[in-house]
$ cat start.txt   # compact mmCIF, C-alpha atoms and all ligand atoms
# COMPACT_ATOMS: atom_id res chain seq x y z
CA MET A 1 67.00 -88.88 1.80
CA PRO A 2 65.80 -86.26 -0.69
CA SER A 3 64.06 -83.19 0.71
CA VAL A 4 60.80 -83.79 -1.12
CA ILE A 5 57.27 -84.67 -0.01
CA ASN A 6 56.04 -88.28 -0.18
CA ASP A 7 55.18 -89.17 -3.78
CA GLY A 8 56.47 -85.78 -4.88
CA ILE A 9 58.66 -85.29 -7.93
CA ILE A 10 61.77 -83.21 -8.54
CA LEU A 11 62.12 -81.46 -11.88
CA ASP A 12 65.70 -80.71 -12.89
CA ILE A 13 65.53 -77.39 -14.74
CA SER A 14 69.25 -76.65 -14.53
CA LYS A 15 69.58 -76.70 -18.33
CA LEU A 16 67.04 -73.87 -18.64
CA LYS A 17 69.62 -71.18 -17.92
CA LYS A 18 69.50 -68.68 -20.79
CA VAL A 19 69.82 -64.99 -19.95
CA GLU A 20 68.84 -62.56 -22.69
CA ILE A 21 68.65 -58.78 -23.07
CA VAL A 22 65.24 -58.00 -24.56
CA ASP A 23 65.57 -54.21 -24.67
CA ILE A 24 68.80 -52.62 -23.49
CA ASN A 25 67.37 -49.08 -23.30
CA LYS A 26 64.39 -50.15 -21.22
CA GLY A 27 66.48 -52.59 -19.11
CA LEU A 28 64.28 -55.57 -20.01
CA VAL A 29 65.93 -58.92 -19.35
CA LYS A 30 64.56 -62.43 -19.86
CA VAL A 31 65.98 -65.14 -17.59
CA GLN A 32 65.18 -68.86 -17.62
CA ALA A 33 64.38 -70.21 -14.17
CA GLY A 34 67.21 -72.78 -14.01
CA ALA A 35 69.93 -70.11 -14.10
CA VAL A 36 71.82 -69.20 -10.94
CA TRP A 37 72.15 -65.59 -9.80
CA GLY A 38 75.95 -65.46 -10.03
CA ASP A 39 75.77 -66.24 -13.76
CA VAL A 40 72.96 -63.69 -14.25
CA ALA A 41 75.00 -61.00 -12.47
CA GLU A 42 78.12 -61.77 -14.50
CA PHE A 43 76.14 -61.58 -17.77
CA LEU A 44 74.34 -58.31 -16.90
CA ASN A 45 77.47 -56.61 -15.57
CA ARG A 46 78.85 -55.83 -19.04
CA PHE A 47 75.57 -54.05 -19.95
CA HIS A 48 75.70 -51.92 -16.75
CA LEU A 49 72.48 -53.61 -15.64
CA VAL A 50 71.62 -55.17 -12.27
CA ILE A 51 68.69 -57.14 -10.86
CA SER A 52 68.36 -56.97 -7.09
CA SER A 53 68.57 -60.61 -5.93
CA GLY A 54 70.32 -62.51 -3.13
CA ASP A 55 73.76 -62.31 -1.52
CA PHE A 56 74.98 -65.66 -2.82
CA GLY A 57 75.66 -66.42 -6.49
CA ASP A 58 74.75 -70.09 -6.35
CA THR A 59 71.08 -69.64 -5.40
CA GLY A 60 68.62 -70.32 -8.20
CA VAL A 61 66.54 -67.84 -10.16
CA GLY A 62 63.44 -70.09 -9.94
CA GLY A 63 63.22 -70.41 -6.14
CA LEU A 64 64.49 -66.96 -5.15
CA SER A 65 62.37 -65.03 -7.68
CA THR A 66 59.18 -66.81 -6.75
CA SER A 67 59.69 -66.40 -3.00
CA GLY A 68 61.03 -62.88 -2.46
CA GLY A 69 64.67 -62.08 -3.01
CA ILE A 70 66.49 -59.99 -0.44
CA GLY A 71 70.14 -59.19 -1.05
CA LEU A 72 72.97 -56.74 -1.34
CA LEU A 73 71.04 -54.25 -3.50
CA VAL A 74 67.73 -54.41 -1.63
CA ARG A 75 67.71 -50.93 -0.09
CA SER A 76 68.68 -49.36 -3.41
CA PHE A 77 66.48 -51.33 -5.78
CA GLY A 78 63.95 -53.39 -3.77
CA LEU A 79 63.05 -57.08 -3.79
CA THR A 80 63.52 -59.43 -6.74
CA ILE A 81 59.77 -60.08 -7.01
CA ASP A 82 59.18 -56.35 -7.47
CA HIS A 83 61.16 -56.49 -10.73
CA ILE A 84 59.17 -59.28 -12.40
CA LEU A 85 57.11 -57.93 -15.32
CA ALA A 86 55.96 -61.26 -16.80
CA ALA A 87 56.51 -64.99 -16.50
CA LYS A 88 55.91 -68.28 -18.25
CA VAL A 89 54.43 -70.85 -15.88
CA ILE A 90 53.30 -74.47 -16.30
CA THR A 91 50.31 -75.21 -14.09
CA ALA A 92 49.22 -78.63 -12.76
CA ASP A 93 46.85 -79.13 -15.72
CA GLY A 94 49.88 -79.13 -18.03
CA GLU A 95 49.04 -75.74 -19.58
CA ILE A 96 51.89 -73.35 -20.40
CA ARG A 97 50.67 -69.89 -19.43
CA SER A 98 52.18 -66.48 -20.17
CA VAL A 99 51.22 -64.23 -17.28
CA ASP A 100 51.63 -60.53 -16.55
CA LYS A 101 49.54 -57.72 -15.04
CA ASP A 102 46.98 -57.98 -17.90
CA ASN A 103 47.05 -61.72 -18.71
CA GLU A 104 45.92 -63.97 -15.88
CA PRO A 105 46.76 -61.27 -13.30
CA ASP A 106 45.79 -63.51 -10.32
CA LEU A 107 48.28 -66.15 -11.41
CA PHE A 108 50.90 -63.45 -12.00
CA TRP A 109 50.27 -62.15 -8.46
CA ALA A 110 50.44 -65.66 -6.97
CA ILE A 111 53.76 -66.74 -8.47
CA ARG A 112 55.42 -63.70 -6.86
CA GLY A 113 55.59 -65.30 -3.42
CA GLY A 114 53.67 -68.55 -3.95
CA SER A 115 56.56 -70.37 -5.61
CA SER A 116 56.03 -74.09 -6.30
CA GLN A 117 52.57 -74.01 -4.67
CA ILE A 118 51.34 -72.45 -7.90
CA GLY A 119 53.20 -74.06 -10.78
CA LEU A 120 56.56 -74.43 -12.47
CA VAL A 121 57.94 -71.09 -13.60
CA THR A 122 60.20 -71.60 -16.61
CA GLU A 123 61.01 -68.04 -17.63
CA LEU A 124 60.82 -64.54 -16.16
CA LEU A 125 60.92 -61.08 -17.69
CA PHE A 126 62.66 -58.63 -15.37
CA GLN A 127 62.93 -54.88 -15.20
CA ALA A 128 66.63 -54.39 -14.48
CA ASP A 129 68.19 -51.25 -12.99
CA LYS A 130 71.18 -49.38 -14.31
CA ILE A 131 74.48 -48.62 -12.62
CA GLU A 132 76.77 -46.11 -14.31
CA PRO A 133 80.26 -47.39 -15.22
CA GLU A 134 83.21 -45.64 -13.62
CA ASN A 135 86.98 -46.09 -13.89
CA GLN A 136 87.62 -49.72 -14.85
CA TYR A 137 84.30 -50.90 -13.38
CA GLN A 138 81.20 -51.67 -15.47
CA CYS A 139 78.86 -51.75 -12.45
CA PRO A 140 80.81 -50.55 -9.40
CA ILE A 141 79.72 -51.60 -5.92
CA THR A 142 81.74 -50.45 -2.91
CA VAL A 143 81.93 -53.14 -0.25
CA GLN A 144 82.82 -52.50 3.38
CA ASN A 145 83.44 -55.59 5.54
CA ILE A 146 83.88 -55.13 9.28
CA ASP A 147 84.35 -57.75 12.00
CA PHE A 148 83.34 -56.54 15.46
CA ILE A 149 83.75 -58.29 18.79
CA ILE A 150 80.83 -57.46 21.08
CA ASP A 151 79.34 -58.71 24.34
CA ASP A 152 75.96 -56.98 24.27
CA LEU A 153 73.98 -58.12 21.24
CA GLU A 154 70.82 -56.17 21.98
CA SER A 155 72.61 -52.88 22.37
CA PHE A 156 74.66 -53.49 19.21
CA VAL A 157 71.61 -54.33 17.08
CA HIS A 158 69.85 -51.17 18.31
CA LYS A 159 72.87 -49.05 17.37
CA TRP A 160 73.13 -50.77 13.97
CA GLY A 161 69.39 -50.26 13.36
CA LYS A 162 69.69 -46.54 14.10
CA TRP A 163 72.75 -46.26 11.85
CA ILE A 164 71.19 -48.03 8.84
CA ASP A 165 67.95 -46.11 9.32
CA GLU A 166 69.85 -42.85 8.97
CA ALA A 167 72.21 -44.08 6.24
CA PRO A 168 71.49 -43.26 2.58
CA LEU A 169 69.37 -45.82 0.68
CA LYS A 170 72.33 -46.50 -1.59
CA ILE A 171 73.75 -48.54 1.32
CA THR A 172 72.51 -52.04 2.11
CA SER A 173 73.86 -53.75 5.22
CA ASN A 174 73.74 -57.28 6.56
CA LEU A 175 75.00 -58.87 9.76
CA MET A 176 76.13 -62.39 10.66
CA PHE A 177 76.75 -63.49 14.25
CA THR A 178 78.95 -66.19 15.80
CA SER A 179 78.87 -66.67 19.58
CA PHE A 180 81.78 -67.96 21.66
CA ASP A 181 81.93 -69.79 25.01
CA ASN A 182 83.21 -66.64 26.79
CA ASN A 183 79.93 -64.84 25.93
CA GLN A 184 81.64 -62.75 23.29
CA ILE A 185 80.05 -62.47 19.88
CA LEU A 186 81.74 -62.00 16.52
CA VAL A 187 79.67 -59.78 14.25
CA LYS A 188 80.45 -59.82 10.54
CA MET A 189 78.97 -56.71 8.94
CA ASN A 190 78.84 -56.38 5.15
CA ASN A 191 77.87 -53.01 3.73
CA PHE A 192 77.25 -52.37 0.04
CA TRP A 193 77.19 -48.94 -1.57
CA VAL A 194 75.98 -48.68 -5.18
CA GLY A 195 78.76 -46.90 -7.11
CA MET A 196 82.26 -45.67 -6.38
CA PRO A 197 82.78 -44.32 -2.86
CA ASN A 198 82.15 -40.59 -2.43
CA GLN A 199 82.03 -38.32 0.60
CA ILE A 200 78.50 -39.46 1.54
CA ALA A 201 79.46 -43.14 1.35
CA ASN A 202 82.67 -42.60 3.30
CA ASP A 203 80.85 -40.67 6.03
CA ALA A 204 78.31 -43.50 6.41
CA PHE A 205 81.07 -46.14 6.39
CA LYS A 206 82.98 -44.20 9.05
CA LYS A 207 79.91 -44.11 11.30
CA ALA A 208 79.47 -47.88 10.77
CA SER A 209 83.04 -48.50 11.89
CA LYS A 210 82.33 -46.76 15.20
CA LEU A 211 79.46 -49.06 16.23
CA ALA A 212 81.76 -51.29 18.35
CA ILE A 213 85.35 -52.47 18.72
CA VAL A 214 86.67 -53.30 15.24
CA LYS A 215 88.63 -56.53 14.92
CA LYS A 216 89.10 -56.54 11.15
CA TYR A 217 88.36 -53.96 8.45
CA ASP A 218 88.31 -54.12 4.67
CA GLN A 219 86.93 -51.80 2.00
CA LYS A 220 87.08 -52.36 -1.74
CA VAL A 221 85.27 -51.71 -5.01
CA VAL A 222 84.06 -54.72 -6.99
CA ASP A 223 81.94 -55.17 -10.08
CA TYR A 224 78.32 -56.26 -9.47
CA GLY A 225 79.13 -59.45 -11.43
CA LYS A 226 81.63 -60.43 -8.73
CA ALA A 227 79.73 -59.09 -5.70
CA CYS A 228 77.52 -62.12 -5.10
C1 LIG A 301 73.48 -70.44 0.85
C2 LIG A 301 72.15 -69.77 0.66
C3 LIG A 301 72.11 -68.39 0.62
C4 LIG A 301 70.88 -67.72 0.45
N1 LIG A 301 70.87 -66.37 0.40
C5 LIG A 301 69.72 -65.72 0.14
C6 LIG A 301 69.69 -64.31 0.02
O1 LIG A 301 70.70 -63.62 0.16
N2 LIG A 301 68.51 -63.71 -0.27
C7 LIG A 301 67.37 -64.42 -0.43
O2 LIG A 301 66.33 -63.83 -0.73
N3 LIG A 301 67.35 -65.77 -0.30
C8 LIG A 301 68.49 -66.41 -0.01
N4 LIG A 301 68.48 -67.77 0.15
C9 LIG A 301 67.20 -68.47 0.12
C10 LIG A 301 66.88 -68.81 -1.33
O3 LIG A 301 66.32 -67.67 -1.96
C11 LIG A 301 65.83 -69.91 -1.36
O4 LIG A 301 66.42 -71.04 -0.79
C12 LIG A 301 65.40 -70.16 -2.79
O5 LIG A 301 64.20 -70.86 -2.73
C13 LIG A 301 66.46 -70.91 -3.57
O6 LIG A 301 65.98 -71.18 -4.84
P1 LIG A 301 66.59 -72.37 -5.70
O7 LIG A 301 65.89 -72.33 -7.03
O8 LIG A 301 68.08 -72.25 -5.68
O9 LIG A 301 66.27 -73.64 -4.78
P2 LIG A 301 65.42 -74.94 -4.93
O10 LIG A 301 65.77 -75.76 -3.72
O11 LIG A 301 65.56 -75.54 -6.28
O12 LIG A 301 63.92 -74.44 -4.75
C14 LIG A 301 63.45 -73.91 -3.56
C15 LIG A 301 61.94 -73.85 -3.62
O13 LIG A 301 61.50 -73.08 -4.73
C16 LIG A 301 60.71 -73.85 -5.60
N5 LIG A 301 61.11 -73.54 -6.98
C17 LIG A 301 62.37 -73.60 -7.48
N6 LIG A 301 62.35 -73.29 -8.79
C18 LIG A 301 61.07 -73.03 -9.10
C19 LIG A 301 60.41 -72.69 -10.29
N7 LIG A 301 61.11 -72.54 -11.42
N8 LIG A 301 59.08 -72.51 -10.29
C20 LIG A 301 58.37 -72.67 -9.14
N9 LIG A 301 58.94 -72.99 -7.96
C21 LIG A 301 60.26 -73.19 -7.94
C22 LIG A 301 61.05 -75.31 -5.27
O14 LIG A 301 60.00 -76.18 -5.58
C23 LIG A 301 61.27 -75.22 -3.79
O15 LIG A 301 60.07 -75.23 -3.08
C24 LIG A 301 69.68 -68.47 0.33
C25 LIG A 301 69.74 -69.86 0.37
C26 LIG A 301 70.94 -70.50 0.53
C27 LIG A 301 70.99 -72.00 0.56
$ encode --input "start.txt" --output "structure tokens"
Amino acid sequence: MPSVINDGIILDISKLKKVEIVDINKGLVKVQAGAVWGDVAEFLNRFHLVISSGDFGDTGVGGLSTSGGIGLLVRSFGLTIDHILAAKVITADGEIRSVDKDNEPDLFWAIRGGSSQIGLVTELLFQADKIEPENQYQCPITVQNIDFIIDDLESFVHKWGKWIDEAPLKITSNLMFTSFDNNQILVKMNNFWVGMPNQIANDAFKKASKLAIVKKYDQKVVDYGKAC
């Protein structure tokens, strides 16, 4: 049973997957809506450019960009929709429209959140951000993964909230929870620091590791192209 409304249609745009640098100095990048974020990240990595998107590489540019986009770079660089400068959209009347803040600004506003309610977005122009290369990395991201075992979820989330609130904006953190029959909860915390680790990053990571009893710990540097 397809997940589509009665009498609805599905458009397969998976072949529209071109990613193109429009202006390297200004960080302007054009992406067709059928691309997936993992491929976009891998392409941009070699130019030291990043677009804040989701945490998983197999989500699509079309759906994520037109609905929000929260991921591993969100505290550093904001939502995906905040980086859209222009788009090409096909509306229900069959018109292909090029929209930006000056051309059809209402439509431009609506596609950033309205998704398929508004039309089919085929192409987006993004303002990418830059990450400086260091050592062998083109776009270094330091990743800290911690597994905690807890029994008081509310108290843990409060402590985590206070920690992330006080942590530098170069750190983004996400949590995943699994509960067990014995009332214990496994918390998987993933923290992402933009760049190579320095004293500030290490201090924040150390504080994160003291939030509860650590079951497993891992810290590594990866390229942005491999981070999602
Ligand atoms: C495993 C997984 C991990 C996820 N992680 C994150 C995350 O970290 N951060 C985050 O922000 N979101 C995340 N999401 C949610 C994801 O952003 C949405 O599911 C998004 O809509 C996926 O877009 P898609 O193009 O892959 O999906 P689709 O199922 O193809 O589309 C989803 C919706 O968007 C509409 N749409 C798709 N393409 C277009 C287009 N070109 N023009 C207009 N409308 C379009 C579709 O009609 C549909 O309503 C995740 C989802 C999954 C399944």
$ residues_near_ligand --input "start.txt" --ligand "ligand LIG 301 (chain A)" --cutoff "10 Å" --atoms "all atoms listed in the file" --output "ChimeraX atom specification"
/A:3-4,9-14,16,32-37,52-72,74,79-81,88-91,111-124,174,228
$ write_last_selection --input "start.txt" --atoms "C-alpha atoms" --output "compact mmCIF listing (two decimals), in the frame of the given file"
# COMPACT_ATOMS: atom_id res chain seq x y z
CA SER A 3 64.06 -83.19 0.71
CA VAL A 4 60.80 -83.79 -1.12
CA ILE A 9 58.66 -85.29 -7.93
CA ILE A 10 61.77 -83.21 -8.54
CA LEU A 11 62.12 -81.46 -11.88
CA ASP A 12 65.70 -80.71 -12.89
CA ILE A 13 65.53 -77.39 -14.74
CA SER A 14 69.25 -76.65 -14.53
CA LEU A 16 67.04 -73.87 -18.64
CA GLN A 32 65.18 -68.86 -17.62
CA ALA A 33 64.38 -70.21 -14.17
CA GLY A 34 67.21 -72.78 -14.01
CA ALA A 35 69.93 -70.11 -14.10
CA VAL A 36 71.82 -69.20 -10.94
CA TRP A 37 72.15 -65.59 -9.80
CA SER A 52 68.36 -56.97 -7.09
CA SER A 53 68.57 -60.61 -5.93
CA GLY A 54 70.32 -62.51 -3.13
CA ASP A 55 73.76 -62.31 -1.52
CA PHE A 56 74.98 -65.66 -2.82
CA GLY A 57 75.66 -66.42 -6.49
CA ASP A 58 74.75 -70.09 -6.35
CA THR A 59 71.08 -69.64 -5.40
CA GLY A 60 68.62 -70.32 -8.20
CA VAL A 61 66.54 -67.84 -10.16
CA GLY A 62 63.44 -70.09 -9.94
CA GLY A 63 63.22 -70.41 -6.14
CA LEU A 64 64.49 -66.96 -5.15
CA SER A 65 62.37 -65.03 -7.68
CA THR A 66 59.18 -66.81 -6.75
CA SER A 67 59.69 -66.40 -3.00
CA GLY A 68 61.03 -62.88 -2.46
CA GLY A 69 64.67 -62.08 -3.01
CA ILE A 70 66.49 -59.99 -0.44
CA GLY A 71 70.14 -59.19 -1.05
CA LEU A 72 72.97 -56.74 -1.34
CA VAL A 74 67.73 -54.41 -1.63
CA LEU A 79 63.05 -57.08 -3.79
CA THR A 80 63.52 -59.43 -6.74
CA ILE A 81 59.77 -60.08 -7.01
CA LYS A 88 55.91 -68.28 -18.25
CA VAL A 89 54.43 -70.85 -15.88
CA ILE A 90 53.30 -74.47 -16.30
CA THR A 91 50.31 -75.21 -14.09
CA ILE A 111 53.76 -66.74 -8.47
CA ARG A 112 55.42 -63.70 -6.86
CA GLY A 113 55.59 -65.30 -3.42
CA GLY A 114 53.67 -68.55 -3.95
CA SER A 115 56.56 -70.37 -5.61
CA SER A 116 56.03 -74.09 -6.30
CA GLN A 117 52.57 -74.01 -4.67
CA ILE A 118 51.34 -72.45 -7.90
CA GLY A 119 53.20 -74.06 -10.78
CA LEU A 120 56.56 -74.43 -12.47
CA VAL A 121 57.94 -71.09 -13.60
CA THR A 122 60.20 -71.60 -16.61
CA GLU A 123 61.01 -68.04 -17.63
CA LEU A 124 60.82 -64.54 -16.16
CA ASN A 174 73.74 -57.28 6.56
CA CYS A 228 77.52 -62.12 -5.10
$ closest_atom_pairs --input "start.txt" --of "region 81-105 of chain A" --to "region 128-143 of chain A" --cutoff "12 Å" --atoms "all atoms listed in the file" --output "Markdown table"
| residue | atom | partner | partner_atom | distance |
| --- | --- | --- | --- | --- |
| A:Ile81 | CA | A:Ala128 | CA | 11.6 |
| A:Asp82 | CA | A:Ala128 | CA | 10.4 |
| A:His83 | CA | A:Ala128 | CA | 7.0 |
| A:Ile84 | CA | A:Ala128 | CA | 9.2 |
| A:Leu85 | CA | A:Ala128 | CA | 10.2 |
$ axis_aligned_box --input "start.txt" --around "region 214-226 of chain A" --padding-each-side "5 Å" --output "JSON"
{"center_x": 83.7, "center_y": -56.1, "center_z": 1.9, "size_x": 20.8, "size_y": 18.7, "size_z": 36.7}
$ atom_distance --input "start.txt" --atom1 "CA of Val22 (chain A)" --atom2 "CA of Lys101 (chain A)"
18.4 Å
$ atom_distance --input "start.txt" --atom1 "CA of Ile171 (chain A)" --atom2 "CA of Ala204 (chain A)"
8.5 Å
$ residues_near_point --input "start.txt" --point "(81.4, -45.3, 12.6)" --cutoff "12 Å" --atoms "only C-alpha atoms" --output "compact mmCIF listing (two decimals) with C-alpha atoms, keeping the file's coordinate frame"
# COMPACT_ATOMS: atom_id res chain seq x y z
CA GLN A 144 82.82 -52.50 3.38
CA ILE A 146 83.88 -55.13 9.28
CA PHE A 148 83.34 -56.54 15.46
CA LYS A 159 72.87 -49.05 17.37
CA TRP A 160 73.13 -50.77 13.97
CA LYS A 162 69.69 -46.54 14.10
CA TRP A 163 72.75 -46.26 11.85
CA ILE A 164 71.19 -48.03 8.84
CA ALA A 167 72.21 -44.08 6.24
CA ALA A 201 79.46 -43.14 1.35
CA ASN A 202 82.67 -42.60 3.30
CA ASP A 203 80.85 -40.67 6.03
CA ALA A 204 78.31 -43.50 6.41
CA PHE A 205 81.07 -46.14 6.39
CA LYS A 206 82.98 -44.20 9.05
CA LYS A 207 79.91 -44.11 11.30
CA ALA A 208 79.47 -47.88 10.77
CA SER A 209 83.04 -48.50 11.89
CA LYS A 210 82.33 -46.76 15.20
CA LEU A 211 79.46 -49.06 16.23
CA ALA A 212 81.76 -51.29 18.35
CA ILE A 213 85.35 -52.47 18.72
CA VAL A 214 86.67 -53.30 15.24
CA TYR A 217 88.36 -53.96 8.45
$ closest_residue --input "start.txt" --among "A:Ala86, A:Met176, A:Ile21, A:Ile149" --to "Ser98 (chain A)" --atoms "only C-alpha atoms"
A:Ala86
$ atom_distance --input "start.txt" --atom1 "CA of Asp152 (chain A)" --atom2 "CA of Leu175 (chain A)"
14.7 Å
$ closest_residue --input "start.txt" --among "A:Gly161, A:Asp93, A:Pro105, A:Leu125" --to "Glu20 (chain A)" --atoms "all atoms listed in the file"
A:Leu125
$ closest_residue --input "start.txt" --among "A:Asp165, A:Leu73, A:Ser155, A:Ile96" --to "Val194 (chain A)" --atoms "all atoms listed in the file"
A:Leu73
$ decode --input "start.txt" --residues "region 178-190 of chain A" --atoms "C-alpha atoms" --output "tab-separated table (two decimals), in the first residue's frame"
chain	number	residue	atom	x	y	z
A	178	THR	CA	15.91	2.97	24.33
A	179	SER	CA	14.02	1.74	27.40
A	180	PHE	CA	14.45	-1.70	28.96
A	181	ASP	CA	12.11	-3.88	31.06
A	182	ASN	CA	14.11	-3.15	34.24
A	183	ASN	CA	13.23	0.56	33.94
A	184	GLN	CA	16.73	1.42	32.81
A	185	ILE	CA	17.19	3.61	29.77
A	186	LEU	CA	20.02	3.58	27.25
A	187	VAL	CA	20.81	7.09	26.05
A	188	LYS	CA	22.86	7.47	22.89
A	189	MET	CA	24.30	10.97	22.77
A	190	ASN	CA	25.96	12.26	19.58
